[in-house]
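Working notes, beginning with the structure itself.
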Amino acid sequence: MKPANALLEQTGTTIFTIMSALATQHGAINLGQGFPDTDGPADVVQAAADALLDQRNQYAPLTGLPELRAAVAAANKRFYGLDIDPTGVVITSGATEAITACLMALLNPGDEVVLIEPLYDTYLPVVTLLGATAKLVRLNPPDWALPREELAAAFSPRTKLLLLNSPMNPTGKVFSADELAFISEKLREHDAYAVCDEVYEHLVFRGARHIPLMTLPGMAARTLRIGSAGKTFSLTGWKIGYVSGSPALAALVAKAHQNLTFASAPNLQRAVALGLAKSDAYFAGLADDLQERRDILDAGLRRLGFKTLPADGSYFITADVSGLGYNGDDVAFCRTITEQAGVAAIPVSAFYVGTAPTQYVRFAFCKRPEILHEAVTRLERWLVSQSALA
């Protein structure tokens with residue numbers, strides 16, 4: 001038989017899949033993969049259920065139902081003052097497909113893409129599959145500050161775009177206004193595009209503010225902004241994403257989307273349209289509730305001797321495990337606590353290419369408070385047992 005795609009054969013199963021399977025095998029609390037353990041708003045779920053019975057279950061339009069595209073455009077205006085025409089919105093089957101469609105729309109073989117480490121695991125494989133070259137810029141713990149000289153050096157005449165994730169997975173970093181201004185300056189200087197993964201846009205905590213790169217001067221025409229109903233409404237299994245941009249760029253994204261999934265479930269689209277019109281109190285409450293859960297886990301981990309890093313947004317908190325006396329790297333640590341403590345986490349080294357720090361692990365705090373307390377209790381019990389064996 002002729003060989004399969006060599007690049008895909010070299011691409012391993014994601015660390016999230018591996019650790020989730022290990023968590024299931026050992027009955028562990030899964031603080032590895034980022035998904036809530038409760039359903040989203042009841043009215044949004046009910047709207048999806050009702051929409052299954054209204055005789056509109058055939059293919060949705062390629063770019064999405066008109067009511068959802070209008071709702072996404074309205075949300076852009078409501079939250080950020082962005083004037084996005086509904087023709088500049090494309091509805092996708094999740095944000096991962098949105099990222100892929102945006103990259104397909106913009107990249108040609110030989111183009112260069114600036115990526116910022118630690119980076120979500122989908123980015124690099126898609127860039128590589130499209131024949132583009134990744135130029136990696138690394139953020140370093142504990143402050144995850146943007147290294148401006150390194151970022152400037154990553155740009156070249158062949159730079160086609162920068163892929164930005166803010167609020168950022170896995171770091172919980174929310175890029176500052178100054179950092180975004182520097183990034184936009186480089187993009188304008190090199191006439192490059194930006195693809196902005198902003199799925200955690202509403203999961204930002206007090207003291208931080210999410211600023212879409214698209215809102216900066218000169219960026220509206222060169223930016224594609226990605227949002228996620230799964231993250232905004234705690235309904236990750238629905239896989240409804242949306243891309244916002246100029247009508248010209250959105251038309252290219254739509255052509256890529258046509259060759260990926262073509263259309264997404266119409267009942268879910270109608271329910272998300274209802275959700276995006278919910279009151280300001282819903283969106284503020286979403287962030288406040290998640291911040292409370294972050295604080296529960298942060299306090300518990302610190303009490304046990306973990307050194308936690310700031311987390312201003314997203315579902316995740318990073319912890320330095322070097323002070324716990326464990327002899328092993330972050331991969332071994334995550335496997336050990338899953339098997340022995342009954343708590344799963346993700347090694348942060350999985351988000352880097354090549355040599356990476358090996359003393360940091362990522363915990364997801366998008367779980368019920370009682371589950372977070374139980375996870376801390378299990379970790380404490382395990383640490384006590386390790387001390388007794390020493």
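Identifiers in this document derive from the order of the structure tokens: chains are assigned A, B, ..., residues are numbered from 1 separately in each chain, and ligands are numbered from 1 in order of occurrence.
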
Write out as number ranges by chain all residues of range 148-288 of chain A that backbone DSSP assigns to strand (DSSP E or B). A: 159-165, 193-197, 204, 223-228, 241-244

Spatial neighbours of Val376 in chain A, max dist 8 Å, only C-alpha atoms, sep filter under 3 positions, as a PyMOL selection string: chain A and resi 297+300-301+372-373+379-380

Hey, can you spit out that residue selection with N, CA, C and O atoms as an mmCIF file, in the first residue's frame?
```
data_model
loop_
_atom_site.group_PDB
_atom_site.id
_atom_site.type_symbol
_atom_site.label_atom_id
_atom_site.label_comp_id
_atom_site.auth_asym_id
_atom_site.auth_seq_id
_atom_site.Cartn_x
_atom_site.Cartn_y
_atom_site.Cartn_z
ATOM 1 N N LEU A 297 -9.163 26.795 44.129
ATOM 2 C CA LEU A 297 -8.069 25.903 43.764
ATOM 3 C C LEU A 297 -6.717 26.538 44.052
ATOM 4 O O LEU A 297 -5.797 25.871 44.556
ATOM 5 N N GLY A 300 -5.999 26.313 47.760
ATOM 6 C CA GLY A 300 -5.731 24.938 48.162
ATOM 7 C C GLY A 300 -4.361 24.465 47.723
ATOM 8 O O GLY A 300 -3.624 23.840 48.489
ATOM 9 N N LEU A 301 -3.989 24.764 46.493
ATOM 10 C CA LEU A 301 -2.679 24.354 45.990
ATOM 11 C C LEU A 301 -1.551 25.047 46.749
ATOM 12 O O LEU A 301 -0.540 24.423 47.104
ATOM 13 N N LEU A 372 -13.444 20.739 43.389
ATOM 14 C CA LEU A 372 -12.130 21.347 43.590
ATOM 15 C C LEU A 372 -11.615 21.086 45.004
ATOM 16 O O LEU A 372 -10.430 20.771 45.201
ATOM 17 N N HIS A 373 -12.493 21.212 45.982
ATOM 18 C CA HIS A 373 -12.098 20.907 47.366
ATOM 19 C C HIS A 373 -11.671 19.445 47.499
ATOM 20 O O HIS A 373 -10.680 19.134 48.175
ATOM 21 N N LEU A 379 -4.974 15.419 46.790
ATOM 22 C CA LEU A 379 -3.564 15.767 46.634
ATOM 23 C C LEU A 379 -2.860 15.846 47.991
ATOM 24 O O LEU A 379 -1.717 15.400 48.135
ATOM 25 N N GLU A 380 -3.557 16.378 48.978
ATOM 26 C CA GLU A 380 -2.968 16.461 50.317
ATOM 27 C C GLU A 380 -2.718 15.069 50.882
ATOM 28 O O GLU A 380 -1.649 14.792 51.459
#
```

Give me, as CSV, each residue of range 204-239 of chain A that comes within 10 Å of range 96-111 of chain A, together with its shortest interatomic pair and the distance in Å at one decimal, counting only C-alpha atoms, with rows ordered by chain and rising residue number.
```
residue,atom,partner,partner_atom,distance
A:Leu224,CA,A:Cys102,CA,7.3
A:Arg225,CA,A:Cys102,CA,9.3
A:Ile226,CA,A:Ala98,CA,6.8
A:Gly227,CA,A:Ala98,CA,8.7
A:Ser228,CA,A:Ala98,CA,9.3
A:Lys239,CA,A:Thr96,CA,8.7
```

Could you pull the residues within 9 Å of Gly237 in chain A, counting only C-alpha atoms, minus those fewer than 3 positions along the same chain, as a PyMOL selection string? chain A and resi 35+94+230+234+240

List the spatial neighbours of Lys135 in chain A as number ranges by chain - criterion: any atom at most 7 Å away, only C-alpha atoms, same-chain residues fewer than 5 positions off excluded. A: 112-115, 154

Could those residues be written to a file, using N, CA, C and O atoms, as a CSV table (one decimal), in the first residue's frame?
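Everything below was put into part-v7.csv:
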```csv
chain,number,residue,atom,x,y,z
A,112,GLU,N,5.3,32.5,6.4
A,112,GLU,CA,5.7,32.3,7.8
A,112,GLU,C,4.7,32.8,8.7
A,112,GLU,O,3.9,33.8,8.4
A,113,VAL,N,4.5,32.1,9.8
A,113,VAL,CA,3.5,32.4,10.8
A,113,VAL,C,4.2,32.6,12.2
A,113,VAL,O,5.0,31.7,12.6
A,114,VAL,N,3.9,33.7,12.9
A,114,VAL,CA,4.5,33.9,14.2
A,114,VAL,C,3.5,33.2,15.2
A,114,VAL,O,2.3,33.6,15.2
A,115,LEU,N,4.1,32.3,16.0
A,115,LEU,CA,3.3,31.6,17.0
A,115,LEU,C,4.0,31.9,18.4
A,115,LEU,O,5.2,32.0,18.5
A,154,ALA,N,11.2,37.8,15.1
A,154,ALA,CA,10.5,36.7,14.4
A,154,ALA,C,9.8,37.2,13.1
A,154,ALA,O,9.5,36.3,12.3
```

Using DSSP on the backbone coordinates, identify all residues within range 56-143 of chain A classified as helix (DSSP H, G or I); present the result as a ChimeraX atom specification. /A:66-80,86-88,95-106,123-129

Export, as a tab-separated table (two decimals), in the first residue's frame, the selected residues with N, CA and C atoms.
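Result file is selection.tsv:
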```tsv
chain	number	residue	atom	x	y	z
A	66	PRO	N	-28.84	33.30	9.63
A	66	PRO	CA	-28.82	34.77	9.69
A	66	PRO	C	-28.97	35.31	11.10
A	67	GLU	N	-29.82	34.66	11.94
A	67	GLU	CA	-30.03	35.20	13.29
A	67	GLU	C	-28.77	35.07	14.16
A	68	LEU	N	-27.99	34.02	13.96
A	68	LEU	CA	-26.77	33.90	14.75
A	68	LEU	C	-25.69	34.84	14.23
A	69	ARG	N	-25.57	34.98	12.93
A	69	ARG	CA	-24.58	35.92	12.40
A	69	ARG	C	-24.89	37.34	12.86
A	70	ALA	N	-26.17	37.69	12.88
A	70	ALA	CA	-26.55	39.01	13.38
A	70	ALA	C	-26.26	39.15	14.86
A	71	ALA	N	-26.48	38.06	15.63
A	71	ALA	CA	-26.21	38.10	17.07
A	71	ALA	C	-24.73	38.25	17.36
A	72	VAL	N	-23.89	37.58	16.58
A	72	VAL	CA	-22.44	37.72	16.75
A	72	VAL	C	-22.01	39.14	16.42
A	73	ALA	N	-22.53	39.69	15.34
A	73	ALA	CA	-22.20	41.07	14.99
A	73	ALA	C	-22.63	42.03	16.09
A	74	ALA	N	-23.83	41.81	16.63
A	74	ALA	CA	-24.33	42.67	17.71
A	74	ALA	C	-23.46	42.55	18.96
A	75	ALA	N	-23.00	41.34	19.26
A	75	ALA	CA	-22.14	41.15	20.43
A	75	ALA	C	-20.80	41.85	20.26
A	76	ASN	N	-20.26	41.83	19.06
A	76	ASN	CA	-19.03	42.57	18.78
A	76	ASN	C	-19.21	44.06	19.08
A	77	LYS	N	-20.33	44.60	18.70
A	77	LYS	CA	-20.63	46.01	18.95
A	77	LYS	C	-20.88	46.26	20.43
A	78	ARG	N	-21.65	45.41	21.04
A	78	ARG	CA	-22.05	45.58	22.45
A	78	ARG	C	-20.86	45.53	23.39
A	79	PHE	N	-19.99	44.59	23.22
A	79	PHE	CA	-18.90	44.39	24.17
A	79	PHE	C	-17.64	45.17	23.83
A	80	TYR	N	-17.41	45.45	22.52
A	80	TYR	CA	-16.12	46.03	22.14
A	80	TYR	C	-16.23	47.24	21.22
A	86	PRO	N	-22.88	41.59	9.51
A	86	PRO	CA	-23.16	40.14	9.57
A	86	PRO	C	-22.54	39.35	8.42
A	87	THR	N	-22.30	40.00	7.29
A	87	THR	CA	-21.63	39.29	6.18
A	87	THR	C	-20.16	39.04	6.50
A	88	GLY	N	-19.65	39.63	7.56
A	88	GLY	CA	-18.29	39.38	8.01
A	88	GLY	C	-18.21	38.34	9.10
A	95	ALA	N	-14.43	26.26	17.73
A	95	ALA	CA	-13.33	27.19	17.50
A	95	ALA	C	-12.13	26.52	16.86
A	96	THR	N	-11.94	25.23	17.10
A	96	THR	CA	-10.81	24.54	16.47
A	96	THR	C	-10.98	24.54	14.95
A	97	GLU	N	-12.20	24.30	14.49
A	97	GLU	CA	-12.43	24.40	13.05
A	97	GLU	C	-12.28	25.84	12.58
A	98	ALA	N	-12.70	26.79	13.39
A	98	ALA	CA	-12.55	28.20	13.02
A	98	ALA	C	-11.08	28.56	12.82
A	99	ILE	N	-10.23	28.10	13.73
A	99	ILE	CA	-8.78	28.35	13.61
A	99	ILE	C	-8.26	27.76	12.31
A	100	THR	N	-8.63	26.51	12.04
A	100	THR	CA	-8.17	25.84	10.83
A	100	THR	C	-8.66	26.56	9.58
A	101	ALA	N	-9.92	26.96	9.56
A	101	ALA	CA	-10.47	27.65	8.39
A	101	ALA	C	-9.79	28.99	8.17
A	102	CYS	N	-9.50	29.72	9.25
A	102	CYS	CA	-8.82	31.01	9.12
A	102	CYS	C	-7.42	30.83	8.55
A	103	LEU	N	-6.71	29.83	9.05
A	103	LEU	CA	-5.36	29.58	8.55
A	103	LEU	C	-5.39	29.12	7.09
A	104	MET	N	-6.36	28.28	6.75
A	104	MET	CA	-6.51	27.86	5.36
A	104	MET	C	-6.80	29.05	4.44
A	105	ALA	N	-7.59	29.99	4.95
A	105	ALA	CA	-7.98	31.14	4.14
A	105	ALA	C	-6.81	32.06	3.83
A	106	LEU	N	-5.83	32.11	4.72
A	106	LEU	CA	-4.77	33.12	4.60
A	106	LEU	C	-3.42	32.58	4.17
A	123	TYR	N	-2.44	24.54	16.89
A	123	TYR	CA	-1.88	25.57	16.03
A	123	TYR	C	-0.77	25.07	15.11
A	124	LEU	N	0.26	24.51	15.69
A	124	LEU	CA	1.44	24.14	14.90
A	124	LEU	C	1.15	23.06	13.87
A	125	PRO	N	0.42	21.98	14.20
A	125	PRO	CA	0.15	20.98	13.16
A	125	PRO	C	-0.58	21.54	11.95
A	126	VAL	N	-1.53	22.45	12.17
A	126	VAL	CA	-2.28	23.01	11.04
A	126	VAL	C	-1.37	23.89	10.19
A	127	VAL	N	-0.57	24.73	10.85
A	127	VAL	CA	0.37	25.58	10.12
A	127	VAL	C	1.30	24.72	9.26
A	128	THR	N	1.79	23.64	9.83
A	128	THR	CA	2.72	22.76	9.11
A	128	THR	C	2.03	22.03	7.96
A	129	LEU	N	0.83	21.53	8.20
A	129	LEU	CA	0.08	20.84	7.15
A	129	LEU	C	-0.19	21.73	5.95
```

May I have the residues within 10 Å of Ile29 in chain A as a PyMOL selection string, using only C-alpha atoms and disregarding those fewer than 5 positions away in the same chain? chain A and resi 20+23-24+338+341-345+367+371-372+374-375+378

What is the distance between CA of Gly245 in chain A and CA of Lys278 in chain A, in Å to one decimal?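 CA of Gly245 in chain A sits 22.7 Å away from CA of Lys278 in chain A.
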
Test item: residues at most 8 Å from range 60-62 of chain A, only C-alpha atoms, excluding those fewer than 3 positions along its chain, as a PyMOL selection string: chain A and resi 65+254+257-258+262-266

Write the residues of the preceding selection, restricted to C-alpha atoms, as a compact mmCIF listing (two decimals), in the first residue's frame.
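Now in part.txt:
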```txt
# COMPACT_ATOMS: atom_id res chain seq x y z
CA LEU A 65 -28.03 31.08 10.25
CA ALA A 254 -16.30 30.56 4.30
CA HIS A 257 -15.26 26.13 6.05
CA GLN A 258 -17.21 24.73 3.10
CA PHE A 262 -19.90 23.00 5.42
CA ALA A 263 -22.48 23.80 8.10
CA SER A 264 -23.17 23.37 11.82
CA ALA A 265 -26.27 22.11 13.65
CA PRO A 266 -29.13 24.60 13.08
```

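Straight-line separation from CA of Gly323 in chain A to CA of Ile337 in chain A: 15.4 Å.
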
Would you compute the distance between CA of Ala42 in chain A and CA of Leu286 in chain A? Give it in Å to one decimal.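 Going from CA of Ala42 in chain A over to CA of Leu286 in chain A, I get 13.9 Å.
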